[in-house]
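Written below as structure tokens is the structure these notes are about.
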Amino acid sequence: MKGVMASVPEWVLEQRRRTGADQYDEMWNGVLHIMPVPNREHQDLEWGLETYLRFHWGRPHGNKVYHQINLSPPGGWPDDYRIPDLVMLTPRHFDADHNEYFEGAVDAVVEIRSPDDETYDKLPFYEELGVAEAWVIDRDTKEPEIYLLRKGRYRKVRAVGGWVRSPLTGMELRADGRGKLLIRRIGDDAGGTALPEG
């Protein structure tokens, strides 16, 4: 269910701050978007993907992977930001890190799409920032989509043999049809991991 309030009462904001419910809220050009807490399945997939990427892409290559980081355009904090599920950075974008928020382009973002959420509405924001790759993974089916920035616009990557490839990370992803996301290095027929684990 989507709802709009012309003005959010201060008591609502205070209650959200007090309970920690505001940690997923986003500000879109000065308009508050209140997001629900991700369910357990979402959190399991996010944690598993973050862990895999940290150990197989981040640490071995001097890159970084973070979850639930405020991402703002230059000069936009705190009035304009989104919170991707994951953010991936190579050293050339480490200067985006302002601890409480990241400013400007990062290398890639990951959005785990839940029914009726605003994942696809966020893509133009990431395009404008210059984020090179945007991954969208369906929470329920685990079907992955990867969008590459080309001439300022996202283009959806076509699957090759059922796998969607990420040029940035050298990884490929696909849904296994049984509720798991498979991820592996491109062309590594013997390797790979099914997420979430368990």
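In the structure tokens, chains take the letters A, B, ... in the order shown, each chain's residues start at 1, and ligands count up from 1 in the order shown.
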
>> Please list as a PyMOL selection string every residue within 9 Å of Ile34 (chain A), counting only C-alpha atoms and excluding residues in the same chain fewer than 3 positions away.
In response: chain A and resi 21-22+24-27

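All residues of protein, DNA or RNA that reach within 8 Å of region 117-122 of chain A, judged by only C-alpha atoms and not counting those fewer than 6 positions away in the chain, are Arg82, Glu111 and Val136 of chain A.
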
Grab the residues selected above and save them as a compact mmCIF listing (two decimals), in the first residue's frame with C-alpha atoms.
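What ended up in again_35.txt:
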# COMPACT_ATOMS: atom_id res chain seq x y z
CA ARG A 82 18.63 6.98 -1.48
CA GLU A 111 18.73 -3.17 -4.93
CA VAL A 136 18.24 -5.42 -9.27

> Which of region 11-129 of chain A counts as strand (DSSP E or B) under DSSP, as a PyMOL selection string please?
Replying inline: chain A and resi 26-28+31-33+64-67+70-72+81-82+86-89+97+101-103+108-113

Generate a file of the selected residues that holds N, CA and C atoms, formatted as an mmCIF file, in the first residue's frame.
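Result went into out-v5.cif, see below:
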data_model
loop_
_atom_site.group_PDB
_atom_site.id
_atom_site.type_symbol
_atom_site.label_atom_id
_atom_site.label_comp_id
_atom_site.auth_asym_id
_atom_site.auth_seq_id
_atom_site.Cartn_x
_atom_site.Cartn_y
_atom_site.Cartn_z
ATOM 1 N N GLU A 26 14.147 7.371 3.280
ATOM 2 C CA GLU A 26 14.932 8.070 2.268
ATOM 3 C C GLU A 26 14.336 9.448 2.034
ATOM 4 N N MET A 27 15.171 10.374 1.552
ATOM 5 C CA MET A 27 14.723 11.715 1.225
ATOM 6 C C MET A 27 14.937 11.909 -0.276
ATOM 7 N N TRP A 28 13.839 12.122 -0.993
ATOM 8 C CA TRP A 28 13.885 12.302 -2.445
ATOM 9 C C TRP A 28 13.580 13.762 -2.753
ATOM 10 N N VAL A 31 11.482 15.242 -0.149
ATOM 11 C CA VAL A 31 10.252 14.515 0.163
ATOM 12 C C VAL A 31 10.625 13.218 0.872
ATOM 13 N N LEU A 32 10.091 13.021 2.076
ATOM 14 C CA LEU A 32 10.394 11.837 2.873
ATOM 15 C C LEU A 32 9.680 10.612 2.303
ATOM 16 N N HIS A 33 10.435 9.552 2.059
ATOM 17 C CA HIS A 33 9.882 8.259 1.638
ATOM 18 C C HIS A 33 10.133 7.288 2.783
ATOM 19 N N LYS A 64 35.742 -2.192 -1.839
ATOM 20 C CA LYS A 64 34.928 -2.185 -0.629
ATOM 21 C C LYS A 64 33.461 -2.435 -0.969
ATOM 22 N N VAL A 65 32.768 -3.082 -0.035
ATOM 23 C CA VAL A 65 31.334 -3.367 -0.159
ATOM 24 C C VAL A 65 30.677 -2.960 1.159
ATOM 25 N N TYR A 66 29.600 -2.168 1.052
ATOM 26 C CA TYR A 66 28.861 -1.722 2.224
ATOM 27 C C TYR A 66 27.378 -1.987 2.028
ATOM 28 N N HIS A 67 26.643 -2.057 3.145
ATOM 29 C CA HIS A 67 25.189 -2.192 3.055
ATOM 30 C C HIS A 67 24.515 -1.001 3.730
ATOM 31 N N ASN A 70 23.612 5.758 3.014
ATOM 32 C CA ASN A 70 22.957 6.905 2.383
ATOM 33 C C ASN A 70 23.796 7.358 1.193
ATOM 34 N N LEU A 71 23.180 7.473 0.030
ATOM 35 C CA LEU A 71 23.880 7.876 -1.189
ATOM 36 C C LEU A 71 23.252 9.158 -1.713
ATOM 37 N N SER A 72 24.057 10.217 -1.796
ATOM 38 C CA SER A 72 23.554 11.551 -2.107
ATOM 39 C C SER A 72 24.306 12.146 -3.295
ATOM 40 N N TYR A 81 18.676 11.831 -0.922
ATOM 41 C CA TYR A 81 19.496 10.619 -0.847
ATOM 42 C C TYR A 81 18.629 9.389 -0.991
ATOM 43 N N ARG A 82 19.266 8.295 -1.427
ATOM 44 C CA ARG A 82 18.632 6.977 -1.483
ATOM 45 C C ARG A 82 19.519 6.026 -0.683
ATOM 46 N N LEU A 86 23.126 -2.553 -1.195
ATOM 47 C CA LEU A 86 24.588 -2.664 -1.184
ATOM 48 C C LEU A 86 25.190 -1.593 -2.077
ATOM 49 N N VAL A 87 26.395 -1.165 -1.708
ATOM 50 C CA VAL A 87 27.191 -0.239 -2.513
ATOM 51 C C VAL A 87 28.554 -0.873 -2.706
ATOM 52 N N MET A 88 29.061 -0.837 -3.948
ATOM 53 C CA MET A 88 30.390 -1.375 -4.246
ATOM 54 C C MET A 88 31.289 -0.251 -4.743
ATOM 55 N N LEU A 89 32.514 -0.204 -4.198
ATOM 56 C CA LEU A 89 33.455 0.842 -4.572
ATOM 57 C C LEU A 89 34.818 0.265 -4.905
ATOM 58 N N ASP A 97 33.176 8.596 0.277
ATOM 59 C CA ASP A 97 32.831 8.206 1.639
ATOM 60 C C ASP A 97 32.937 9.390 2.602
ATOM 61 N N TYR A 101 27.248 9.377 4.987
ATOM 62 C CA TYR A 101 26.690 9.268 3.643
ATOM 63 C C TYR A 101 27.819 9.197 2.626
ATOM 64 N N PHE A 102 27.505 8.679 1.450
ATOM 65 C CA PHE A 102 28.417 8.697 0.317
ATOM 66 C C PHE A 102 27.910 9.753 -0.646
ATOM 67 N N GLU A 103 28.834 10.522 -1.208
ATOM 68 C CA GLU A 103 28.449 11.627 -2.079
ATOM 69 C C GLU A 103 28.949 11.388 -3.498
ATOM 70 N N ALA A 108 28.996 0.674 -8.126
ATOM 71 C CA ALA A 108 27.796 -0.136 -8.350
ATOM 72 C C ALA A 108 26.898 -0.085 -7.122
ATOM 73 N N VAL A 109 25.605 -0.267 -7.379
ATOM 74 C CA VAL A 109 24.624 -0.398 -6.304
ATOM 75 C C VAL A 109 23.837 -1.685 -6.530
ATOM 76 N N VAL A 110 23.333 -2.244 -5.451
ATOM 77 C CA VAL A 110 22.466 -3.422 -5.514
ATOM 78 C C VAL A 110 21.156 -3.074 -4.828
ATOM 79 N N GLU A 111 20.061 -3.332 -5.501
ATOM 80 C CA GLU A 111 18.726 -3.171 -4.927
ATOM 81 C C GLU A 111 18.046 -4.536 -4.938
ATOM 82 N N ILE A 112 17.587 -4.978 -3.787
ATOM 83 C CA ILE A 112 16.794 -6.205 -3.692
ATOM 84 C C ILE A 112 15.331 -5.759 -3.741
ATOM 85 N N ARG A 113 14.652 -6.158 -4.803
ATOM 86 C CA ARG A 113 13.307 -5.651 -5.073
ATOM 87 C C ARG A 113 12.249 -6.492 -4.364
#

> Using only C-alpha atoms, which residues sit within 12 Å of Asn63 (chain A) once same-chain residues fewer than 3 positions away are excluded, as a VMD selection string?
Replying inline: chain A and resid 53 to 60 66 87 to 94 106 to 108 168 to 169

>> Using only C-alpha atoms, which protein or nucleic acid residues come within 6 Å of Met171 (chain A)? Drop anything in the same chain fewer than 4 positions from it, and give the result as a ChimeraX atom specification.
In response: /A:166,184-186

If you keep C-alpha atoms, can you produce a file of those selected residues as a PDB file, in the first residue's frame?
ATOM      1  CA  SER A 166      28.787  -7.881 -14.315  1.00  0.00           C
ATOM      2  CA  ARG A 184      30.234 -17.149  -9.505  1.00  0.00           C
ATOM      3  CA  ARG A 185      33.213 -15.749 -11.374  1.00  0.00           C
ATOM      4  CA  ILE A 186      32.498 -15.425 -15.075  1.00  0.00           C
TER       5      ILE A 186
END

> Near Ile183 (chain A), within 7 Å and counting only C-alpha atoms, which residues show up once chain neighbours fewer than 5 positions away are dropped, as number ranges by chain?
Replying inline: A: 171-174, 192-194

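Taking CA of Leu195 (chain A) and CA of Pro144 (chain A) as endpoints, the distance between them is 12.1 Å.
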